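I have placed the structure first, in the form of structure tokens, so that the comments after it can refer back to it.
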Amino acid sequence: MADAARGAGPWVSLWASPRGDLLLALGLALVMRATLLAAWPLWGDEAATAVFATLSWSDLTGPLARVEPTPPTYYALMKLWVAVAGDGTAALRLPSVLLGVAAIVPLHAFCLRAFGRVAARRAALLLAVATWHVVHGQEARVYPLLFLVFCCGLLAAQRLVAAGPTRRWAWAAAFGLAAGGMMWLHTTGAFAAAALFAYAGAVLLAERRLDRTTLPPVIAAGGIAAAVALPCVLAALRIAGDADNGLAFLPRPDPLTALGVFANLLPVRAAAVAAVGVIPEGATLAVLPLASMVSAMVLMLAIWVTRTQPQALGLMAALAASFALFVLVGLV
């Protein structure tokens, strides 16, 4: 089949290759995110982005940085963007569109190496149409950039655990910079970074390669990430101790609420929302923590089924680590 595709011409060869799969996913993702970009007004957080992007540099890195839980990095980048593209609704949302589309590239590359072409094509197409990724990809908020850096970190982590002695340290540096850089975009980047290190450790452990030759680069990547993220961690702790910080109005979640947040990832969440008005509200809220418990059971089953696939085990470990950390930190 490959020989036939090559004989049919360069265009057929392109679309019958992993590069063609990637181009198809990128085109679909762009259409999904760029359509009707200014059809609805900016909402609260987007309006805040528009306002913050107009602040002076001293205000952006001074008073705002002391009360706003999101680091000023994204707002600084948007300030530079607005100076070039303007502050219209579509202009403010366009970076998220482009960043959301760009995340498909490292994700496709990761899956291609980890699971093969079919999995890479499916992953790229799924991300192109993923509801929450499309929604965030049409909003002037930091999350598309954060997810792009996460995907780059995941790809770097994969290359690190697979690399030979000569390239291992270069990938360790790239991995550490991506993991630490996420903290400069959002405080939840700490969960994402922990998930990446859980992935790397689980893959090496599953492949029985966690030894004195492979462990030092991973530890070095952790040191780089910690050094890069340290200013943001200190700032986050300072903001958390300020009674007037930007999240002070939020109540501390109880255990069921913290567990229930993860039900947003499941179809049962949509069913619970649709049931509002049909069954009592208390019953729909009870579905959320139950769904999270079910998701934990499904995760355990998936780990058991894929126990012979190191890459799959690594991803399961990453999900489990982020789940546990999110719930535990949410309770604090």
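Letters A, B, ... go to the chains of the structure tokens in the order shown; residues in each chain start at 1; ligands are counted from 1 in the same order.
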Determine, for each residue of region 144-171 of chain A having at least one atom at most 12 Å from an atom of region 199-210 of chain A, the closest pair of atoms and their separation in Å to one decimal, counting only C-alpha atoms; order by chain and ascending number, as a tab-separated table.
```
residue	atom	partner	partner_atom	distance
A:Gly153	CA	A:Ala200	CA	10.7
A:Leu154	CA	A:Tyr199	CA	8.3
A:Leu155	CA	A:Ala200	CA	10.5
A:Ala156	CA	A:Ala200	CA	9.8
A:Ala157	CA	A:Ala200	CA	6.0
A:Gln158	CA	A:Ala200	CA	7.0
A:Arg159	CA	A:Ala200	CA	9.7
A:Leu160	CA	A:Ala200	CA	8.2
A:Val161	CA	A:Ala200	CA	6.5
A:Ala162	CA	A:Leu204	CA	8.9
A:Ala163	CA	A:Leu204	CA	11.7
```
For this session: Name the residues in contact with Cys232 (chain A) at a cut-off of 8 Å, using only C-alpha atoms, excluding same-chain residues fewer than 2 positions from it; report them as a ChimeraX atom specification.
Result: /A:71,183-184,187,229-230,234-236
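Between CA of Phe115 (chain A) and CA of Gly189 (chain A) the interatomic distance comes to 25.8 Å.
Considering only C-alpha atoms, the residue among A:Phe197, A:Trp81, A:Phe150, A:Tyr75 positioned nearest to Ile104 (chain A) is A:Phe150.
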Problem set entry | From A:Val97, A:Val134, A:His186, A:Asp21, residue lying nearest Ala119 (chain A) [only C-alpha atoms] | A:Asp21
Exercise. Using only C-alpha atoms, which of the listed residues (A:Gly27, A:Ala173, A:Met78, A:Gly44) sits closest to Pro216 (chain A)?
Worked result: A:Ala173
